[in-house]
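Next up, query11.tsv (TSV, C-alpha atoms):
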chain	number	residue	atom	x	y	z
N	1	MET	CA	95.13	134.76	117.78
N	2	ASN	CA	92.27	133.78	115.53
N	3	GLY	CA	92.44	136.93	113.43
N	4	ASP	CA	90.78	135.32	110.42
N	5	ALA	CA	87.98	133.69	112.37
N	6	GLU	CA	87.36	137.00	114.08
N	7	LYS	CA	87.17	138.91	110.83
N	8	GLU	CA	84.99	136.33	109.17
N	9	LEU	CA	82.54	136.15	112.07
N	10	ALA	CA	82.33	139.94	112.28
N	11	THR	CA	81.55	140.19	108.57
N	12	LEU	CA	78.88	137.50	108.83
N	13	LEU	CA	77.24	139.03	111.88
N	14	ARG	CA	77.22	142.49	110.33
N	15	ALA	CA	75.53	141.06	107.24
N	16	ALA	CA	73.09	139.18	109.46
N	17	ILE	CA	72.12	142.30	111.34
N	18	ALA	CA	71.58	144.02	108.00
N	19	GLY	CA	69.02	141.27	107.25
N	20	ASP	CA	70.97	138.51	105.47
N	21	GLU	CA	69.53	135.21	106.75
N	22	ARG	CA	72.10	133.00	105.08
N	23	ALA	CA	74.95	134.97	106.59
N	24	TYR	CA	73.21	134.62	109.93
N	25	ALA	CA	72.95	130.84	109.60
N	26	ALA	CA	76.62	130.69	108.66
N	27	PHE	CA	77.53	132.86	111.62
N	28	LEU	CA	75.53	130.70	114.02
N	29	GLY	CA	76.98	127.49	112.60
N	30	ARG	CA	80.53	128.68	113.02
N	31	THR	CA	79.84	130.12	116.44
N	32	ALA	CA	78.27	126.80	117.50
N	33	ALA	CA	81.45	124.95	116.57
N	34	ILE	CA	83.61	127.39	118.52
N	35	VAL	CA	81.41	127.30	121.60
N	36	ARG	CA	81.27	123.51	121.40
N	37	GLY	CA	85.06	123.35	121.59
N	38	PHE	CA	85.05	125.78	124.48
N	39	ALA	CA	82.34	123.93	126.42
N	40	ARG	CA	83.92	120.51	125.95
N	41	ARG	CA	87.21	121.79	127.21
N	42	LYS	CA	85.65	123.42	130.25
N	43	ILE	CA	83.32	120.62	131.27
N	44	VAL	CA	85.68	117.98	132.59
N	45	GLN	CA	83.32	116.22	134.96
N	46	GLY	CA	79.86	115.13	133.83
N	47	GLY	CA	76.58	116.68	134.84
N	48	VAL	CA	76.41	119.31	132.13
N	49	ASP	CA	76.04	118.41	128.47
N	50	PRO	CA	78.30	120.65	126.38
N	51	GLU	CA	75.72	120.71	123.61
N	52	ASP	CA	73.20	122.26	126.01
N	53	ILE	CA	75.68	125.06	126.59
N	54	VAL	CA	76.07	125.48	122.83
N	55	GLN	CA	72.32	125.80	122.37
N	56	GLU	CA	71.75	128.09	125.33
N	57	THR	CA	74.59	130.28	124.13
N	58	LEU	CA	73.23	130.48	120.58
N	59	LEU	CA	69.82	131.40	121.89
N	60	ALA	CA	71.31	134.06	124.18
N	61	ILE	CA	73.39	135.43	121.30
N	62	HIS	CA	70.24	135.61	119.22
N	63	MET	CA	68.23	137.40	121.88
N	64	LYS	CA	71.07	139.76	122.76
N	65	ARG	CA	72.65	140.40	119.39
N	66	HIS	CA	71.73	144.07	119.68
N	67	THR	CA	74.38	144.29	122.44
N	68	TRP	CA	77.17	143.76	119.93
N	69	ILE	CA	78.72	146.94	118.53
N	70	SER	CA	79.41	146.48	114.84
N	71	ASP	CA	83.03	147.62	115.08
N	72	ALA	CA	83.87	145.71	118.27
N	73	PRO	CA	85.48	142.25	118.20
N	74	VAL	CA	83.00	139.35	118.06
N	75	LEU	CA	84.95	136.54	119.69
N	76	PRO	CA	85.35	138.14	123.15
N	77	TRP	CA	81.64	138.88	123.04
N	78	VAL	CA	80.79	135.29	122.09
N	79	TYR	CA	83.11	133.82	124.74
N	80	ALA	CA	81.74	136.11	127.43
N	81	ILE	CA	78.20	134.93	126.67
N	82	ALA	CA	79.28	131.27	126.52
N	83	ARG	CA	81.13	131.61	129.81
N	84	PHE	CA	78.10	133.25	131.43
N	85	LYS	CA	75.85	130.42	130.23
N	86	LEU	CA	78.32	127.78	131.36
N	87	ILE	CA	78.60	129.22	134.87
N	88	ASP	CA	74.83	129.52	134.95
N	89	ALA	CA	74.45	125.85	133.99
N	90	PHE	CA	76.81	124.76	136.74
N	91	ARG	CA	75.08	126.99	139.24
N	92	LYS	CA	71.67	125.55	138.36
N	93	ARG	CA	73.05	122.10	139.01
N	94	GLY	CA	74.26	123.21	142.41
N	95	ARG	CA	77.90	123.61	141.59
N	96	HIS	CA	80.03	126.66	141.74
N	97	VAL	CA	82.79	127.22	139.24
N	98	GLU	CA	84.95	130.19	138.55
N	99	ILE	CA	86.14	130.47	135.02
N	100	GLU	CA	88.87	133.01	134.63
N	101	ILE	CA	88.80	135.15	131.55
N	102	GLY	CA	92.45	134.22	131.12
N	103	ASP	CA	91.45	130.62	130.51
N	104	ILE	CA	89.34	131.67	127.62
N	105	ALA	CA	92.18	133.34	125.78
N	106	GLU	CA	94.09	130.04	125.83
N	107	THR	CA	91.09	128.17	124.60
N	108	VAL	CA	91.50	128.84	120.94
N	109	ALA	CA	88.65	126.54	120.28
N	110	GLN	CA	88.92	123.97	117.55
N	111	PRO	CA	85.56	123.85	115.86
N	112	GLU	CA	83.94	120.57	116.80
N	113	ALA	CA	81.02	118.55	115.50
N	114	GLU	CA	77.89	117.85	117.47
N	115	THR	CA	77.09	114.50	119.02
N	116	VAL	CA	73.48	113.41	119.13
N	117	SER	CA	71.53	113.11	122.36
N	118	ASP	CA	68.43	114.43	124.05
N	119	ARG	CA	68.63	118.16	124.63
N	120	GLU	CA	67.37	120.36	127.38
N	121	ILE	CA	66.05	122.79	124.79
N	122	GLY	CA	63.76	120.05	123.50
N	123	ARG	CA	62.28	119.63	126.95
N	124	VAL	CA	61.76	123.37	127.24
N	125	LEU	CA	60.14	123.38	123.81
N	126	ASP	CA	57.60	120.88	125.11
N	127	GLY	CA	56.61	123.38	127.78
N	128	LEU	CA	55.59	126.07	125.28
N	129	ALA	CA	52.01	126.98	124.47
N	130	ALA	CA	50.70	124.60	121.80
N	131	GLY	CA	50.56	127.19	119.00
N	132	GLN	CA	54.07	128.43	119.57
N	133	ARG	CA	55.41	124.93	119.98
N	134	SER	CA	54.07	123.68	116.67
N	135	VAL	CA	55.41	126.75	114.83
N	136	VAL	CA	58.85	126.53	116.43
N	137	ALA	CA	58.99	122.77	115.81
N	138	ALA	CA	57.94	123.10	112.17
N	139	ILE	CA	60.59	125.70	111.43
N	140	SER	CA	63.39	124.16	113.46
N	141	ILE	CA	63.05	120.38	113.42
N	142	GLU	CA	61.18	120.02	110.13
N	143	GLY	CA	63.14	122.86	108.57
N	144	SER	CA	60.07	124.49	107.01
N	145	SER	CA	60.19	128.09	105.82
N	146	ILE	CA	57.98	130.81	107.26
N	147	GLY	CA	55.74	130.57	104.19
N	148	GLU	CA	55.39	126.78	104.35
N	149	THR	CA	54.60	126.96	108.03
N	150	ALA	CA	51.96	129.60	107.40
N	151	ASP	CA	50.29	127.39	104.76
N	152	LYS	CA	50.48	124.33	106.95
N	153	PHE	CA	48.73	125.91	109.91
N	154	GLY	CA	46.51	128.29	107.95
N	155	MET	CA	48.16	131.32	109.53
N	156	THR	CA	49.46	134.55	108.03
N	157	GLU	CA	53.22	134.88	107.68
N	158	THR	CA	53.18	137.70	110.20
N	159	ALA	CA	51.42	135.50	112.72
N	160	VAL	CA	54.00	132.76	112.15
N	161	ARG	CA	56.85	135.23	112.70
N	162	VAL	CA	55.24	136.51	115.88
N	163	ALA	CA	54.64	133.00	117.22
N	164	LEU	CA	58.21	132.01	116.40
N	165	HIS	CA	59.66	135.09	118.06
N	166	ARG	CA	57.54	134.70	121.17
N	167	GLY	CA	58.33	131.00	121.36
N	168	LEU	CA	62.06	131.62	121.18
N	169	ARG	CA	61.81	134.41	123.68
N	170	SER	CA	60.04	132.27	126.22
N	171	ILE	CA	62.55	129.44	125.73
N	172	ALA	CA	65.34	131.95	126.38
N	173	LYS	CA	63.51	133.21	129.44
N	174	LYS	CA	63.18	129.70	130.85
N	175	PHE	CA	66.92	129.26	130.55
N	176	GLY	CA	67.53	132.63	132.18
N	177	ARG	CA	65.40	131.75	135.18
N	178	SER	CA	67.27	129.62	137.64
G	1	MET	CA	66.18	119.37	119.18
G	2	GLN	CA	69.55	119.37	117.47
G	3	THR	CA	71.68	122.46	117.22
G	4	ASN	CA	71.13	122.77	113.48
G	5	ASP	CA	67.39	122.72	114.09
G	6	LEU	CA	67.79	125.55	116.54
G	7	ILE	CA	69.81	127.49	113.99
G	8	ASN	CA	66.93	127.08	111.51
G	9	ALA	CA	64.60	128.71	113.99
G	10	LEU	CA	66.98	131.52	114.90
G	11	LYS	CA	67.69	132.23	111.25
G	12	ALA	CA	63.97	132.50	110.49
G	13	ASP	CA	63.67	134.99	113.35
G	14	ALA	CA	66.52	137.18	112.05
G	15	ALA	CA	64.25	140.01	110.94
G	16	LYS	CA	63.03	140.76	114.48
G	17	GLN	CA	65.61	143.12	115.85
G	18	ALA	CA	65.66	144.96	119.12
G	19	MET	CA	66.84	148.53	119.60
G	20	PRO	CA	70.66	148.68	119.55
G	21	LEU	CA	71.92	148.84	123.10
G	22	GLY	CA	73.87	152.05	122.49
G	23	HIS	CA	70.66	153.89	121.55
G	24	ALA	CA	68.80	152.33	124.45
G	25	TRP	CA	71.26	153.82	126.91
G	26	TRP	CA	70.78	157.34	125.57
G	27	VAL	CA	67.03	156.92	125.72
G	28	ALA	CA	67.41	155.67	129.29
G	29	ILE	CA	69.57	158.55	130.49
G	30	ALA	CA	67.22	161.09	128.90
G	31	ALA	CA	64.17	159.45	130.50
G	32	ALA	CA	65.93	159.19	133.86
G	33	THR	CA	66.90	162.87	133.79
G	34	ILE	CA	63.36	163.94	132.94
G	35	ILE	CA	61.89	161.81	135.72
G	36	ALA	CA	64.43	163.07	138.25
G	37	ALA	CA	63.81	166.68	137.19
G	38	ALA	CA	60.06	166.27	137.54
G	39	VAL	CA	60.32	164.73	141.01
G	40	PHE	CA	62.80	167.42	142.03
G	41	VAL	CA	60.62	170.31	140.86
G	42	VAL	CA	57.45	168.88	142.37
G	43	LEU	CA	58.93	167.89	145.74
G	44	ILE	CA	61.64	170.43	146.62
G	45	GLY	CA	62.79	172.73	143.81
G	46	PRO	CA	65.94	174.86	143.73
G	47	ARG	CA	66.98	176.93	146.75
G	48	PRO	CA	65.68	180.54	146.79
G	49	ASP	CA	69.15	182.11	146.52
G	50	PHE	CA	70.19	179.93	143.60
G	51	ALA	CA	71.40	182.85	141.46
G	52	VAL	CA	73.61	184.22	144.23
G	53	ALA	CA	74.93	180.82	145.22
G	54	ALA	CA	75.86	180.12	141.63
G	55	HIS	CA	78.74	182.55	142.07
G	56	THR	CA	80.30	180.68	144.97
G	57	LEU	CA	83.00	178.09	144.56
G	58	ARG	CA	81.64	175.59	147.08
G	59	PHE	CA	78.22	175.54	145.48
G	60	LEU	CA	79.61	175.01	141.99
G	61	PHE	CA	81.99	172.35	143.20
G	62	LYS	CA	79.05	170.17	144.26
G	63	PHE	CA	78.03	169.94	140.62
G	64	VAL	CA	81.53	169.14	139.50
G	65	VAL	CA	81.54	166.19	141.87
G	66	THR	CA	78.06	164.89	141.06
G	67	LEU	CA	78.45	165.33	137.31
G	68	VAL	CA	81.82	163.59	137.24
G	69	LEU	CA	80.27	160.73	139.22
G	70	THR	CA	77.34	160.60	136.79
G	71	ALA	CA	79.59	160.54	133.72
G	72	VAL	CA	81.88	157.84	135.09
G	73	ALA	CA	78.99	155.68	136.29
G	74	PHE	CA	77.20	156.02	132.96
G	75	ALA	CA	80.26	154.93	131.00
G	76	LEU	CA	80.85	151.98	133.34
G	77	LEU	CA	77.23	150.88	133.28
G	78	ARG	CA	77.22	150.79	129.47
G	79	VAL	CA	80.33	148.65	129.53
G	80	LEU	CA	78.82	146.32	132.14
G	81	SER	CA	75.73	145.80	130.01
G	82	ARG	CA	77.79	144.38	127.11
G	83	PRO	CA	79.42	140.96	127.28
G	84	GLY	CA	83.15	140.89	126.70
G	85	SER	CA	83.84	144.60	127.15
G	86	ASP	CA	86.72	146.07	129.08
G	87	VAL	CA	85.16	146.52	132.51
G	88	ARG	CA	88.44	147.12	134.30
G	89	GLY	CA	89.37	150.03	132.04
G	90	ALA	CA	86.06	151.76	132.67
G	91	ALA	CA	86.03	150.96	136.39
G	92	ARG	CA	89.37	152.67	136.89
G	93	TRP	CA	87.71	156.07	136.41
G	94	LEU	CA	85.55	155.48	139.50
G	95	ILE	CA	88.47	156.72	141.57
G	96	LEU	CA	88.04	160.22	140.12
G	97	THR	CA	85.15	161.25	142.38
G	98	PRO	CA	86.84	160.21	145.65
G	99	ILE	CA	90.00	162.04	144.56
G	100	LEU	CA	88.04	165.22	143.83
G	101	LEU	CA	86.11	165.00	147.08
G	102	GLY	CA	89.17	164.07	149.12
G	103	THR	CA	91.08	167.07	147.81
G	104	ALA	CA	88.17	169.38	148.53
G	105	VAL	CA	87.74	167.97	152.03
G	106	ALA	CA	91.44	168.51	152.76
G	107	ALA	CA	91.22	172.11	151.56
G	108	GLU	CA	88.08	172.65	153.62
G	109	LEU	CA	89.79	171.37	156.78
G	110	PHE	CA	92.38	174.10	156.31
G	111	ALA	CA	89.93	176.82	155.37
G	112	VAL	CA	87.34	176.36	158.11
G	113	PRO	CA	88.25	177.23	161.72
G	114	SER	CA	88.35	174.04	163.79
G	115	ASP	CA	85.57	175.11	166.18
G	116	GLN	CA	83.15	175.38	163.28
G	117	LEU	CA	84.01	172.11	161.59
G	118	VAL	CA	81.29	170.07	163.24
G	119	THR	CA	78.63	172.68	162.47
G	120	VAL	CA	79.65	172.78	158.80
G	121	TRP	CA	79.88	169.00	158.59
G	122	TRP	CA	76.48	168.39	160.14
G	123	GLY	CA	74.91	171.29	158.21
G	124	SER	CA	71.19	171.87	158.47
G	125	ASN	CA	69.81	169.45	155.87
G	126	VAL	CA	71.08	166.00	156.83
G	127	TYR	CA	67.69	164.32	156.91
G	128	VAL	CA	66.46	166.20	153.86
G	129	CYS	CA	69.54	165.01	152.01
G	130	LEU	CA	69.17	161.41	153.17
G	131	THR	CA	65.51	161.43	152.17
G	132	PHE	CA	65.46	163.22	148.85
G	133	ILE	CA	68.54	161.91	147.11
G	134	PRO	CA	67.20	158.33	147.32
G	135	LEU	CA	63.69	159.53	146.51
G	136	ILE	CA	64.74	161.44	143.39
G	137	GLY	CA	66.97	158.53	142.41
G	138	LEU	CA	64.30	155.82	142.55
G	139	GLY	CA	62.76	156.60	139.15
G	140	PRO	CA	66.13	156.77	137.38
G	141	LEU	CA	67.19	153.51	139.05
G	142	ALA	CA	64.10	151.77	137.69
G	143	VAL	CA	64.84	153.12	134.21
G	144	PHE	CA	68.45	151.94	134.34
G	145	LEU	CA	67.47	148.49	135.57
G	146	ALA	CA	65.09	148.24	132.63
G	147	ALA	CA	67.92	149.23	130.29
G	148	LEU	CA	70.14	146.59	131.89
G	149	ARG	CA	67.47	144.02	131.25
G	150	HIS	CA	67.58	145.04	127.61
G	151	GLY	CA	71.35	144.55	127.71
G	152	ALA	CA	73.24	141.44	128.71
G	153	PRO	CA	75.13	142.04	131.95
G	154	THR	CA	77.35	139.08	132.81
G	155	ARG	CA	77.67	140.43	136.36
G	156	PRO	CA	74.10	141.48	137.11
G	157	ARG	CA	74.71	142.34	140.73
G	158	VAL	CA	77.63	144.64	140.02
G	159	ALA	CA	75.76	146.16	137.10
G	160	GLY	CA	72.76	146.78	139.36
G	161	ALA	CA	75.00	148.48	141.92
G	162	VAL	CA	76.45	150.76	139.24
G	163	ALA	CA	72.91	151.52	138.05
G	164	GLY	CA	72.27	152.68	141.62
G	165	LEU	CA	75.43	154.77	141.55
G	166	LEU	CA	74.36	156.44	138.32
G	167	ALA	CA	70.85	157.07	139.65
G	168	GLY	CA	72.49	158.52	142.76
G	169	GLY	CA	74.71	160.78	140.68
G	170	ILE	CA	71.74	162.21	138.81
G	171	ALA	CA	69.65	162.57	141.96
G	172	ALA	CA	72.52	164.26	143.80
G	173	THR	CA	73.01	166.72	140.94
G	174	PHE	CA	69.41	167.88	141.26
G	175	TYR	CA	69.44	167.77	145.02
G	176	ALA	CA	72.61	169.91	145.10
G	177	ALA	CA	70.59	172.75	143.55
G	178	HIS	CA	68.22	172.62	146.51
G	179	CYS	CA	70.58	172.11	149.40
G	180	THR	CA	72.16	175.07	151.20
G	181	ASP	CA	74.93	173.00	152.75
G	182	ASP	CA	77.76	173.51	150.32
G	183	SER	CA	80.72	172.34	152.38
G	184	PRO	CA	82.68	169.42	150.88
G	185	LEU	CA	82.54	167.92	154.38
G	186	PHE	CA	78.77	167.73	154.14
G	187	VAL	CA	78.80	166.46	150.57
G	188	ALA	CA	81.46	163.82	151.20
G	189	THR	CA	79.53	162.40	154.14
G	190	TRP	CA	75.81	162.68	153.58
G	191	TYR	CA	75.62	162.59	149.81
G	192	SER	CA	77.77	159.47	149.90
G	193	ILE	CA	75.54	157.74	152.41
G	194	ALA	CA	72.40	158.67	150.47
G	195	ILE	CA	73.89	157.42	147.20
G	196	ALA	CA	75.13	154.24	148.88
G	197	GLY	CA	71.50	153.43	149.68
G	198	LEU	CA	70.68	153.46	145.97
G	199	VAL	CA	73.77	151.38	145.21
G	200	VAL	CA	72.67	148.68	147.64
G	201	LEU	CA	69.13	148.72	146.28
G	202	GLY	CA	70.47	148.47	142.74
G	203	ALA	CA	72.68	145.53	143.64
G	204	ILE	CA	69.75	143.69	145.22
G	205	CYS	CA	67.46	144.31	142.25
G	206	GLY	CA	70.17	143.72	139.64
G	207	ARG	CA	70.28	139.97	140.05
G	208	ARG	CA	66.55	139.58	139.87
G	209	VAL	CA	65.83	142.04	137.10
G	210	ALA	CA	68.76	141.60	134.75
G	211	ARG	CA	68.59	137.84	134.41
G	212	TRP	CA	68.95	136.50	130.90

Here is the file; what I need is its structure written in the form of structure tokens.
Amino acid sequence: MNGDAEKELATLLRAAIAGDERAYAAFLGRTAAIVRGFARRKIVQGGVDPEDIVQETLLAIHMKRHTWISDAPVLPWVYAIARFKLIDAFRKRGRHVEIEIGDIAETVAQPEAETVSDREIGRVLDGLAAGQRSVVAAISIEGSSIGETADKFGMTETAVRVALHRGLRSIAKKFGRS
Amino acid sequence: MQTNDLINALKADAAKQAMPLGHAWWVAIAAATIIAAAVFVVLIGPRPDFAVAAHTLRFLFKFVVTLVLTAVAFALLRVLSRPGSDVRGAARWLILTPILLGTAVAAELFAVPSDQLVTVWWGSNVYVCLTFIPLIGLGPLAVFLAALRHGAPTRPRVAGAVAGLLAGGIAATFYAAHCTDDSPLFVATWYSIAIAGLVVLGAICGRRVARW
């Protein structure tokens, strides 16, 4: 199944780990579409927004990308993380679901487009320390570069990078905590 | 925040990379071994007749068992720390240690006269064994839990338990150099119980520590 998608994602992620930001953005965009298809298929009753799962999964992938081995398949790794985040989301909402790995193999996800609504990640963003929040918001929502953000807040680029990294890490941590 | 916004942020953070998990595991096992060795040397040290004992089959066999356990647990723990890896394939090897021990126990039951079996089984170091294997294993367990936290275990409790098993394997290897009870009957019983303590502790800590 999905041999081409697998190969393409692996190439992009390898390039990303070697420092190619555009390849990384492409990898994350494609992965988001795949996880979206997976989450929508798995969430039949309401209560969990599939897009929250997409975002939590992307963040987890980002924080844990050093756990991927560069010659191992990417898709099983992505699905395992998505499944973990999905189960976690159900558990947090007081529901217990078992998702068999077998189900995932069938779910050759059709990439799907995002629908717009309020996201959990936005609420978590609001809980960050003010400095981190404004840096993360500038780079994500306003789409500013590191350099532009540094100019805007009168910070060094290094300080912006540190604030961004810490901000993302604490968002990821908040999701990890039940 | 929309998903594309999040991708902007993640992309900008691409340069910050953590140590590859494969490296982290080798650092962890080296650190764990050093800690266990230090605790071992400070607290109990090798038995006085180590050089003589090293020529006996029973003594050497203890290391075969503990080192096989250590190797299998290490391989499984690495797999458990990576999402989407083949856990079942690695877990299958766990059976190796019980097979080895079971065979040795069967042979021992034939070799030792039946009126001495209880003496050999009980040995003279039961409480030392039950104290020092967990004690030597505590440091390594902490190291492995930290490594798990660096990884991404999708079954944190199981991964924690295997971290305990690995810590137990290392601790038992050192402890075996101290202990004068070399009978497989002793090893199969008391080492197992001591290691099980670390497994339970690892399972309890795993869920708390390795959350992500």

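From CA of Thr31 (chain N) back to CA of Glu51 (chain N), the distance works out to 12.5 Å.
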
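Among G:Ala24, G:Ala53, G:Ile170, G:Ala106, the residue with the shortest atom-to-atom distance to Pro134 (chain G), counting all atoms listed in the file, is G:Ile170.
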
>> With all atoms listed in the file considered, list every residue of chain G at most 8 Å from chain N, as a PyMOL selection string.
In response: chain G and resi 1-22+81-85+150-152+154+211-212

> Distance CA of Lys92 (chain N)-CA of Leu198 (chain G), one decimal place?
Replying inline: 28.9 Å

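The interatomic distance for the pair CA of Thr158 (chain N) and CA of Arg14 (chain N) works out to 24.5 Å.
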